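Student: One file is attached below, target04.cif, containing mmCIF, C-alpha atoms.
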```
data_run
loop_
_atom_site.label_atom_id
_atom_site.label_comp_id
_atom_site.auth_asym_id
_atom_site.auth_seq_id
_atom_site.Cartn_x
_atom_site.Cartn_y
_atom_site.Cartn_z
CA MET Z 1 -8.79 29.31 44.85
CA VAL Z 2 -11.78 31.60 45.19
CA LEU Z 3 -10.47 35.00 44.12
CA GLY Z 4 -8.61 36.91 46.86
CA LEU Z 5 -10.98 36.46 49.76
CA CYS Z 6 -9.76 36.64 53.34
CA VAL Z 7 -11.62 33.92 55.25
CA PRO Z 8 -10.09 33.11 58.66
CA ALA Z 9 -9.86 29.34 59.13
CA VAL Z 10 -11.16 29.44 62.68
CA LEU Z 11 -14.32 31.24 61.60
CA LEU Z 12 -15.08 28.85 58.79
CA ALA Z 13 -14.36 25.86 60.98
CA GLY Z 14 -17.22 26.86 63.26
CA ALA Z 15 -19.76 27.57 60.56
CA SER Z 16 -21.05 24.01 60.25
CA GLY Z 17 -21.51 23.79 64.03
CA ALA Z 18 -23.46 27.04 64.08
CA LEU Z 19 -25.73 25.76 61.34
CA ALA Z 20 -26.36 22.55 63.23
CA ALA Z 21 -27.20 24.50 66.37
CA SER Z 22 -29.66 26.65 64.43
CA GLY Z 23 -31.54 23.59 63.20
CA ALA Z 24 -30.67 24.20 59.55
CA GLY Z 25 -29.77 21.35 57.26
CA VAL Z 26 -26.03 20.91 56.81
CA ALA Z 27 -25.86 18.39 53.97
CA GLY Z 28 -23.64 20.50 51.73
CA VAL Z 29 -21.97 22.81 54.20
CA ALA Z 30 -18.82 20.73 54.51
CA GLY Z 31 -17.55 22.57 51.45
CA ILE Z 32 -17.19 25.73 53.53
CA ASP Z 33 -14.47 24.20 55.63
CA SER Z 34 -12.32 23.54 52.57
CA LEU Z 35 -12.02 27.28 52.04
CA ALA Z 36 -9.97 27.59 55.20
CA GLY Z 37 -7.01 25.91 53.56
CA ALA Z 38 -7.30 27.68 50.23
CA GLY Z 39 -4.52 30.16 50.91
CA MET Z 40 -6.76 33.19 50.57
CA GLY Z 41 -5.83 36.66 51.68
CA SER Z 42 -6.60 40.33 50.97
CA GLY Z 43 -6.98 43.60 52.74
CA PHE Z 44 -10.48 44.33 51.44
CA ASP Z 45 -12.59 46.57 53.67
CA PRO Z 46 -16.29 46.49 52.73
CA GLY Z 47 -16.93 49.49 54.98
CA ALA Z 48 -15.15 51.71 52.48
CA ARG Z 49 -17.74 51.28 49.72
CA VAL Z 50 -21.36 50.85 50.72
CA ALA Z 51 -24.64 52.11 49.31
CA GLU Z 52 -24.65 55.87 48.70
CA GLY Z 53 -20.91 55.98 49.51
CA VAL Z 54 -21.48 56.16 53.29
CA PRO Z 55 -18.89 54.12 55.22
CA VAL Z 56 -20.24 51.69 57.81
CA PRO Z 57 -17.99 50.84 60.79
CA LEU Z 58 -16.97 47.19 60.83
CA SER Z 59 -15.77 45.02 63.66
CA HIS Z 60 -13.85 41.96 62.48
CA ALA Z 61 -16.19 41.07 59.64
CA THR Z 62 -14.62 41.19 56.20
CA LEU Z 63 -17.07 39.27 54.04
CA THR Z 64 -20.07 40.92 52.46
CA VAL Z 65 -22.42 40.96 49.50
CA GLY Z 66 -21.59 43.13 46.52
CA ARG Z 67 -24.41 45.15 44.95
CA LEU Z 68 -23.71 45.49 41.22
CA GLN Z 69 -24.00 49.01 39.86
CA TYR Z 70 -24.71 48.95 36.13
CA GLY Z 71 -25.58 51.40 33.37
CA GLY Z 72 -28.63 51.74 31.16
CA GLY Z 73 -30.94 53.58 33.54
CA GLY Z 74 -32.22 50.60 35.54
CA ASP Z 75 -32.61 50.99 39.29
CA TRP Z 76 -29.69 48.84 40.45
CA TYR Z 77 -30.19 50.35 43.92
CA ALA Z 78 -33.70 48.88 44.41
CA ASN Z 79 -34.74 47.11 47.62
CA PRO Z 80 -32.44 49.10 49.95
CA SER Z 81 -33.23 47.08 53.10
CA SER Z 82 -32.88 43.68 51.41
CA LEU Z 83 -29.16 43.04 51.59
CA PRO Z 84 -28.62 44.25 55.18
CA ASN Z 85 -31.41 41.89 56.24
CA LEU Z 86 -29.91 39.02 54.26
CA LEU Z 87 -26.49 39.65 55.79
CA ALA Z 88 -28.05 39.62 59.27
CA ALA Z 89 -29.66 36.25 58.50
CA ILE Z 90 -26.33 34.86 57.29
CA ARG Z 91 -24.57 35.97 60.48
CA GLU Z 92 -27.25 34.70 62.83
CA ARG Z 93 -27.92 31.39 61.13
CA THR Z 94 -24.50 30.24 59.92
CA GLY Z 95 -21.88 31.84 62.15
CA VAL Z 96 -20.06 33.17 59.08
CA PRO Z 97 -18.83 36.69 59.98
CA VAL Z 98 -20.24 39.10 57.45
CA ALA Z 99 -20.51 42.89 57.41
CA GLU Z 100 -23.69 44.74 58.34
CA ARG Z 101 -24.02 46.35 54.91
CA GLU Z 102 -23.38 45.49 51.31
CA VAL Z 103 -20.63 47.04 49.23
CA VAL Z 104 -21.47 48.77 45.94
CA VAL Z 105 -19.23 47.71 43.06
CA SER Z 106 -19.18 48.24 39.33
CA PRO Z 107 -17.77 45.64 36.93
CA LEU Z 108 -14.58 47.70 36.58
CA ASP Z 109 -14.10 48.24 40.31
CA PRO Z 110 -10.81 46.71 41.56
CA GLY Z 111 -12.68 45.62 44.71
CA LEU Z 112 -14.94 43.32 42.68
CA ARG Z 113 -12.48 40.43 42.89
CA ASP Z 114 -12.72 40.47 46.68
CA VAL Z 115 -16.50 39.99 46.78
CA PRO Z 116 -17.61 36.35 47.09
CA PHE Z 117 -21.24 37.01 46.23
CA LEU Z 118 -22.43 39.60 43.72
CA HIS Z 119 -26.11 40.59 43.63
CA MET Z 120 -27.91 42.58 40.98
CA THR Z 121 -31.54 43.61 40.77
CA GLY Z 122 -33.80 46.23 39.22
CA HIS Z 123 -36.99 46.89 37.29
CA GLY Z 124 -35.64 48.13 33.98
CA ASN Z 125 -32.78 48.39 31.53
CA VAL Z 126 -29.31 46.91 32.03
CA VAL Z 127 -26.38 47.95 29.83
CA LEU Z 128 -22.75 46.88 30.20
CA THR Z 129 -19.91 48.23 28.09
CA PRO Z 130 -17.54 45.81 26.32
CA GLU Z 131 -14.89 46.56 28.97
CA GLU Z 132 -17.38 45.85 31.77
CA ARG Z 133 -18.38 42.57 30.17
CA ARG Z 134 -14.77 41.44 29.95
CA ALA Z 135 -14.14 42.36 33.58
CA LEU Z 136 -17.32 40.69 34.82
CA ARG Z 137 -16.63 37.56 32.82
CA SER Z 138 -13.11 37.40 34.25
CA TYR Z 139 -14.50 37.74 37.78
CA LEU Z 140 -17.07 34.99 37.25
CA GLU Z 141 -14.74 32.55 35.50
CA GLY Z 142 -12.13 33.24 38.20
CA GLY Z 143 -14.38 31.92 40.96
CA GLY Z 144 -16.96 34.66 41.47
CA PHE Z 145 -20.71 34.22 41.75
CA LEU Z 146 -23.53 36.44 40.48
CA HIS Z 147 -27.12 36.31 41.67
CA ALA Z 148 -29.36 38.29 39.33
CA ASP Z 149 -32.83 38.83 40.80
CA ASP Z 150 -35.53 40.16 38.47
CA ASN Z 151 -37.43 42.79 40.45
CA TYR Z 152 -40.11 42.70 37.74
CA GLY Z 153 -39.07 44.37 34.51
CA MET Z 154 -35.39 43.41 34.23
CA ASP Z 155 -35.91 40.14 32.38
CA GLU Z 156 -35.53 41.23 28.76
CA ALA Z 157 -32.50 43.42 29.43
CA PHE Z 158 -30.77 40.85 31.60
CA ARG Z 159 -31.23 38.07 29.07
CA ARG Z 160 -29.80 40.33 26.37
CA GLU Z 161 -26.77 41.21 28.49
CA ILE Z 162 -26.04 37.69 29.70
CA ALA Z 163 -26.08 36.51 26.06
CA LEU Z 164 -23.52 39.22 25.23
CA LEU Z 165 -21.50 38.35 28.32
CA PHE Z 166 -21.44 34.63 27.55
CA PRO Z 167 -22.20 34.15 23.84
CA ASP Z 168 -20.60 30.72 24.07
CA ARG Z 169 -22.76 29.46 26.94
CA GLU Z 170 -26.45 28.75 27.40
CA MET Z 171 -28.46 29.83 30.41
CA VAL Z 172 -30.28 26.70 31.56
CA GLU Z 173 -33.05 26.12 34.09
CA LEU Z 174 -31.78 24.51 37.29
CA PRO Z 175 -33.49 21.32 38.47
CA PRO Z 176 -34.75 21.13 42.07
CA GLU Z 177 -32.02 18.58 42.78
CA HIS Z 178 -29.22 21.11 42.28
CA PRO Z 179 -27.12 21.56 45.46
CA VAL Z 180 -27.87 25.30 45.64
CA PHE Z 181 -31.39 24.34 46.78
CA HIS Z 182 -30.12 22.06 49.55
CA VAL Z 183 -26.78 23.39 50.81
CA VAL Z 184 -28.24 24.69 54.10
CA TYR Z 185 -32.03 24.64 53.83
CA SER Z 186 -33.82 22.16 51.59
CA PHE Z 187 -36.16 23.33 48.84
CA PRO Z 188 -37.45 20.10 47.28
CA GLU Z 189 -39.35 22.00 44.58
CA GLY Z 190 -36.55 24.42 43.76
CA ILE Z 191 -36.60 28.18 44.15
CA PRO Z 192 -39.55 29.50 46.22
CA LYS Z 193 -42.26 31.84 44.97
CA ILE Z 194 -42.15 35.20 46.78
CA HIS Z 195 -44.09 37.72 44.66
CA GLU Z 196 -46.89 37.17 42.18
CA HIS Z 197 -45.55 39.22 39.25
CA ASP Z 198 -47.17 37.65 36.15
CA GLY Z 199 -48.44 34.64 38.06
CA HIS Z 200 -46.01 32.21 36.42
CA PRO Z 201 -44.09 29.57 38.39
CA PRO Z 202 -40.78 30.70 39.90
CA GLN Z 203 -37.70 29.75 37.94
CA ALA Z 204 -33.96 29.66 38.57
CA PHE Z 205 -31.60 29.70 35.62
CA GLY Z 206 -27.87 29.09 35.69
CA VAL Z 207 -24.73 29.69 33.67
CA PHE Z 208 -21.90 27.24 34.28
CA HIS Z 209 -18.13 27.33 33.84
CA GLU Z 210 -16.43 23.96 33.73
CA GLY Z 211 -19.23 22.44 35.77
CA ARG Z 212 -19.37 25.22 38.38
CA LEU Z 213 -22.50 27.34 38.72
CA MET Z 214 -21.30 30.94 38.44
CA VAL Z 215 -24.54 32.82 37.59
CA LEU Z 216 -27.96 32.20 39.09
CA TYR Z 217 -30.88 34.18 37.67
CA SER Z 218 -34.09 34.13 39.72
CA HIS Z 219 -37.21 34.93 37.68
CA GLU Z 220 -40.90 35.23 38.64
CA THR Z 221 -40.09 35.13 42.35
CA ASP Z 222 -38.29 38.32 43.49
CA LEU Z 223 -36.25 37.07 46.43
CA GLY Z 224 -35.04 40.60 47.19
CA ASN Z 225 -38.56 41.77 47.99
CA GLY Z 226 -38.81 38.95 50.50
CA TRP Z 227 -35.56 40.08 52.13
CA GLU Z 228 -36.82 43.63 52.66
CA ASP Z 229 -38.22 44.95 55.96
CA PRO Z 230 -41.62 43.37 56.72
CA GLU Z 231 -43.60 46.59 56.31
CA VAL Z 232 -42.26 47.35 52.83
CA HIS Z 233 -44.26 44.72 50.94
CA GLY Z 234 -46.41 43.20 53.66
CA ASN Z 235 -45.24 39.67 52.97
CA PRO Z 236 -46.42 37.11 55.55
CA PRO Z 237 -43.71 35.71 57.85
CA GLU Z 238 -43.56 32.35 56.08
CA ILE Z 239 -42.88 34.01 52.72
CA ARG Z 240 -40.12 36.20 54.15
CA GLU Z 241 -38.65 33.15 55.86
CA ALA Z 242 -38.57 31.21 52.58
CA ALA Z 243 -36.85 34.13 50.83
CA LEU Z 244 -34.24 34.50 53.58
CA ARG Z 245 -33.56 30.77 53.66
CA MET Z 246 -32.99 30.75 49.92
CA GLY Z 247 -30.71 33.78 50.25
CA VAL Z 248 -28.64 32.02 52.91
CA ASN Z 249 -28.36 29.04 50.57
CA LEU Z 250 -27.14 31.25 47.75
CA PHE Z 251 -24.46 32.95 49.84
CA ILE Z 252 -23.16 29.76 51.45
CA TYR Z 253 -23.15 27.98 48.11
CA ALA Z 254 -21.14 30.83 46.55
CA LEU Z 255 -18.73 30.91 49.48
CA SER Z 256 -18.09 27.19 49.30
CA GLN Z 257 -17.24 27.15 45.61
CA ARG Z 258 -13.68 26.97 44.42
CA SER Z 259 -12.29 27.55 40.95
CA PRO Z 260 -11.78 24.29 39.08
#
```
What would you get if you wrote out this structure as structure tokens?

Tutor:
Amino acid sequence: MVLGLCVPAVLLAGASGALAASGAGVAGVAGIDSLAGAGMGSGFDPGARVAEGVPVPLSHATLTVGRLQYGGGGDWYANPSSLPNLLAAIRERTGVPVAEREVVVSPLDPGLRDVPFLHMTGHGNVVLTPEERRALRSYLEGGGFLHADDNYGMDEAFRREIALLFPDREMVELPPEHPVFHVVYSFPEGIPKIHEHDGHPPQAFGVFHEGRLMVLYSHETDLGNGWEDPEVHGNPPEIREAALRMGVNLFIYALSQRSP
């Protein structure tokens, strides 16, 4: 079972049809429907904890993205328009009912277990306490999913922290054939390149638990910048579209995963 998520069966049942109507690929989306019978339930309200602590009124949407707040001085709050834009793309393209805004959670937040997709970003240092590492590891091994997106400058700190978080596991580069690159939209060459950074090829690294991808680290691409409002970075439409498509893939992949 994937944590304590409340995913109404009728909503998930229509997700594959909405994807087909949108023209997106649906090769791996059948896994979403299996969540409907997973016995999930919670009273989580994402509107109670959003960026800057300002509640956002919700209709019937209960799913959202969690923005990870961490210590060490790094700007975990970077790219403020990115996650609302990603959530809008998920709603419009998949039919999955998600909130309009992300929820801000720390590793020790009781609401963390109710978030199906955890996103972290930043340009600088990342520091987790031993207690935070234990809580985050429990969340991830219990069915959670973390997308860490290097916003240029987080790489060294993130690699240090992920090694402390999982000293018994290696972070490995994902091949283009991995399902996360094909679950809705197909990326035959793997993760797309969004920003130049150091000019190196884009890379996606993963950490697995019993065969399930639970951490995806995007490096030398900066998906979050591609999710931001068009005027923020001036990305051409095709680049923003590639970033949003990859973001939809990440969320749907995370939502369709179940604990072994």

Student: Could you tell me which of Z:Leu216, Z:Ala88, Z:Val126, Z:Ala243 comes closest to Z:Phe145 if we count all atoms listed in the file?

Tutor: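 For Z:Phe145, the nearest of the given residues is Z:Leu216.
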
Student: Closest to Z:Ala99 among Z:Gly111, Z:Leu83, Z:Tyr77, Z:Thr62, using all atoms listed in the file?

Tutor: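 Smallest distance to Z:Ala99 is found for Z:Thr62.
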
Student: Evaluate the PyMOL selection byres ((chain Z and resi 112) around 12) on the structure here and hand back the selected residues as a PyMOL selection string.

Tutor: chain Z and resi 3-5+44-46+49+64-69+103-111+113-119+132+135-140+142-146

Student: Based on the selection just made, write C-alpha atoms of those residues as a PDB file, keeping the file's coordinate frame.

Tutor:
```pdb
ATOM      1  CA  LEU Z   3     -10.470  35.000  44.120  1.00  0.00           C
ATOM      2  CA  GLY Z   4      -8.610  36.910  46.860  1.00  0.00           C
ATOM      3  CA  LEU Z   5     -10.980  36.460  49.760  1.00  0.00           C
ATOM      4  CA  PHE Z  44     -10.480  44.330  51.440  1.00  0.00           C
ATOM      5  CA  ASP Z  45     -12.590  46.570  53.670  1.00  0.00           C
ATOM      6  CA  PRO Z  46     -16.290  46.490  52.730  1.00  0.00           C
ATOM      7  CA  ARG Z  49     -17.740  51.280  49.720  1.00  0.00           C
ATOM      8  CA  THR Z  64     -20.070  40.920  52.460  1.00  0.00           C
ATOM      9  CA  VAL Z  65     -22.420  40.960  49.500  1.00  0.00           C
ATOM     10  CA  GLY Z  66     -21.590  43.130  46.520  1.00  0.00           C
ATOM     11  CA  ARG Z  67     -24.410  45.150  44.950  1.00  0.00           C
ATOM     12  CA  LEU Z  68     -23.710  45.490  41.220  1.00  0.00           C
ATOM     13  CA  GLN Z  69     -24.000  49.010  39.860  1.00  0.00           C
ATOM     14  CA  VAL Z 103     -20.630  47.040  49.230  1.00  0.00           C
ATOM     15  CA  VAL Z 104     -21.470  48.770  45.940  1.00  0.00           C
ATOM     16  CA  VAL Z 105     -19.230  47.710  43.060  1.00  0.00           C
ATOM     17  CA  SER Z 106     -19.180  48.240  39.330  1.00  0.00           C
ATOM     18  CA  PRO Z 107     -17.770  45.640  36.930  1.00  0.00           C
ATOM     19  CA  LEU Z 108     -14.580  47.700  36.580  1.00  0.00           C
ATOM     20  CA  ASP Z 109     -14.100  48.240  40.310  1.00  0.00           C
ATOM     21  CA  PRO Z 110     -10.810  46.710  41.560  1.00  0.00           C
ATOM     22  CA  GLY Z 111     -12.680  45.620  44.710  1.00  0.00           C
ATOM     23  CA  ARG Z 113     -12.480  40.430  42.890  1.00  0.00           C
ATOM     24  CA  ASP Z 114     -12.720  40.470  46.680  1.00  0.00           C
ATOM     25  CA  VAL Z 115     -16.500  39.990  46.780  1.00  0.00           C
ATOM     26  CA  PRO Z 116     -17.610  36.350  47.090  1.00  0.00           C
ATOM     27  CA  PHE Z 117     -21.240  37.010  46.230  1.00  0.00           C
ATOM     28  CA  LEU Z 118     -22.430  39.600  43.720  1.00  0.00           C
ATOM     29  CA  HIS Z 119     -26.110  40.590  43.630  1.00  0.00           C
ATOM     30  CA  GLU Z 132     -17.380  45.850  31.770  1.00  0.00           C
ATOM     31  CA  ALA Z 135     -14.140  42.360  33.580  1.00  0.00           C
ATOM     32  CA  LEU Z 136     -17.320  40.690  34.820  1.00  0.00           C
ATOM     33  CA  ARG Z 137     -16.630  37.560  32.820  1.00  0.00           C
ATOM     34  CA  SER Z 138     -13.110  37.400  34.250  1.00  0.00           C
ATOM     35  CA  TYR Z 139     -14.500  37.740  37.780  1.00  0.00           C
ATOM     36  CA  LEU Z 140     -17.070  34.990  37.250  1.00  0.00           C
ATOM     37  CA  GLY Z 142     -12.130  33.240  38.200  1.00  0.00           C
ATOM     38  CA  GLY Z 143     -14.380  31.920  40.960  1.00  0.00           C
ATOM     39  CA  GLY Z 144     -16.960  34.660  41.470  1.00  0.00           C
ATOM     40  CA  PHE Z 145     -20.710  34.220  41.750  1.00  0.00           C
ATOM     41  CA  LEU Z 146     -23.530  36.440  40.480  1.00  0.00           C
TER      42      LEU Z 146
END
```

Student: Could you tell me which of Z:His200, Z:Arg159, Z:His147, Z:Arg134 comes closest to Z:Thr221 if we count all atoms listed in the file?

Tutor: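 Distance minimum relative to Z:Thr221 lands on Z:His200.
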
Student: Give as a PyMOL selection string the residues that the PyMOL selection byres ((chain Z and resi 180) around 8) matches when applied to the coordinates above.

Tutor: chain Z and resi 178-179+181-183+249-250+253

Student: Restricting it to C-alpha atoms, dump the selection as a PDB file, in the frame of the given file.

Tutor:
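Contents of part-v8.pdb, as written:
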```
ATOM      1  CA  HIS Z 178     -29.220  21.110  42.280  1.00  0.00           C
ATOM      2  CA  PRO Z 179     -27.120  21.560  45.460  1.00  0.00           C
ATOM      3  CA  PHE Z 181     -31.390  24.340  46.780  1.00  0.00           C
ATOM      4  CA  HIS Z 182     -30.120  22.060  49.550  1.00  0.00           C
ATOM      5  CA  VAL Z 183     -26.780  23.390  50.810  1.00  0.00           C
ATOM      6  CA  ASN Z 249     -28.360  29.040  50.570  1.00  0.00           C
ATOM      7  CA  LEU Z 250     -27.140  31.250  47.750  1.00  0.00           C
ATOM      8  CA  TYR Z 253     -23.150  27.980  48.110  1.00  0.00           C
TER       9      TYR Z 253
END
```

Student: When the PyMOL selection byres ((chain Z and resi 217) around 7) is applied to the structure above, which residues does it catch, written out as a ChimeraX atom specification?

Tutor: /Z:147-149,204-206,215-216,218-219

Student: What separation in Å, quoted to one decimal, exists between atom CA of Z:Asn125 and atom CA of Z:Met154?

Tutor: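 Result for atom CA of Z:Asn125 versus atom CA of Z:Met154: 6.2 Å, one decimal.
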
Student: With 6 Å of padding per side, what axis-aligned box (centre and edge lengths, Å, one decimal) covers all the listed atoms of stretch 158-171 of chain Z? Give it as AutoDock Vina command-line options.

Tutor:
```
--center_x -25.9 --center_y 35.0 --center_z 27.7 --size_x 22.6 --size_y 24.5 --size_z 19.8
```

Student: Interatomic distance between atom CA of Z:Val207 and atom CA of Z:Glu131?

Tutor: 20.1 Å

Student: Give the answer as one residue: which of Z:Glu177, Z:Arg245, Z:Glu170, Z:Pro230 has the shortest atom-to-atom distance to Z:His209, using all atoms listed in the file?

Tutor: Z:Glu170

Student: I'd like the contact shell of Z:Ser82 - 6 Å cut-off, all atoms listed in the file, skipping same-chain residues fewer than 5 positions apart - returned as a list of chain:residue names.

Tutor: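 The neighbour list is Z:Gly224, Z:Trp227, Z:Glu228.
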
Student: If you measure from atom CA of Z:Glu141 to atom CA of Z:Met214, what distance in Å do you get, rounded to one decimal?

Tutor: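 So the two atoms, atom CA of Z:Glu141 and atom CA of Z:Met214, lie 7.4 Å apart.
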
Student: With distances taken over only C-alpha atoms, which of Z:Gly226, Z:Ala89, Z:Glu189, Z:Gly234 is nearest to Z:Pro176?

Tutor: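 Once distances to Z:Pro176 are computed over only C-alpha atoms, the minimum belongs to Z:Glu189.
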
Student: Calculated over all atoms listed in the file, which of the candidates Z:Ala242, Z:Val172, Z:Ala254, Z:Val248 has the smallest distance to Z:Arg91?

Tutor: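 Selected residue with least distance to Z:Arg91: Z:Val248.
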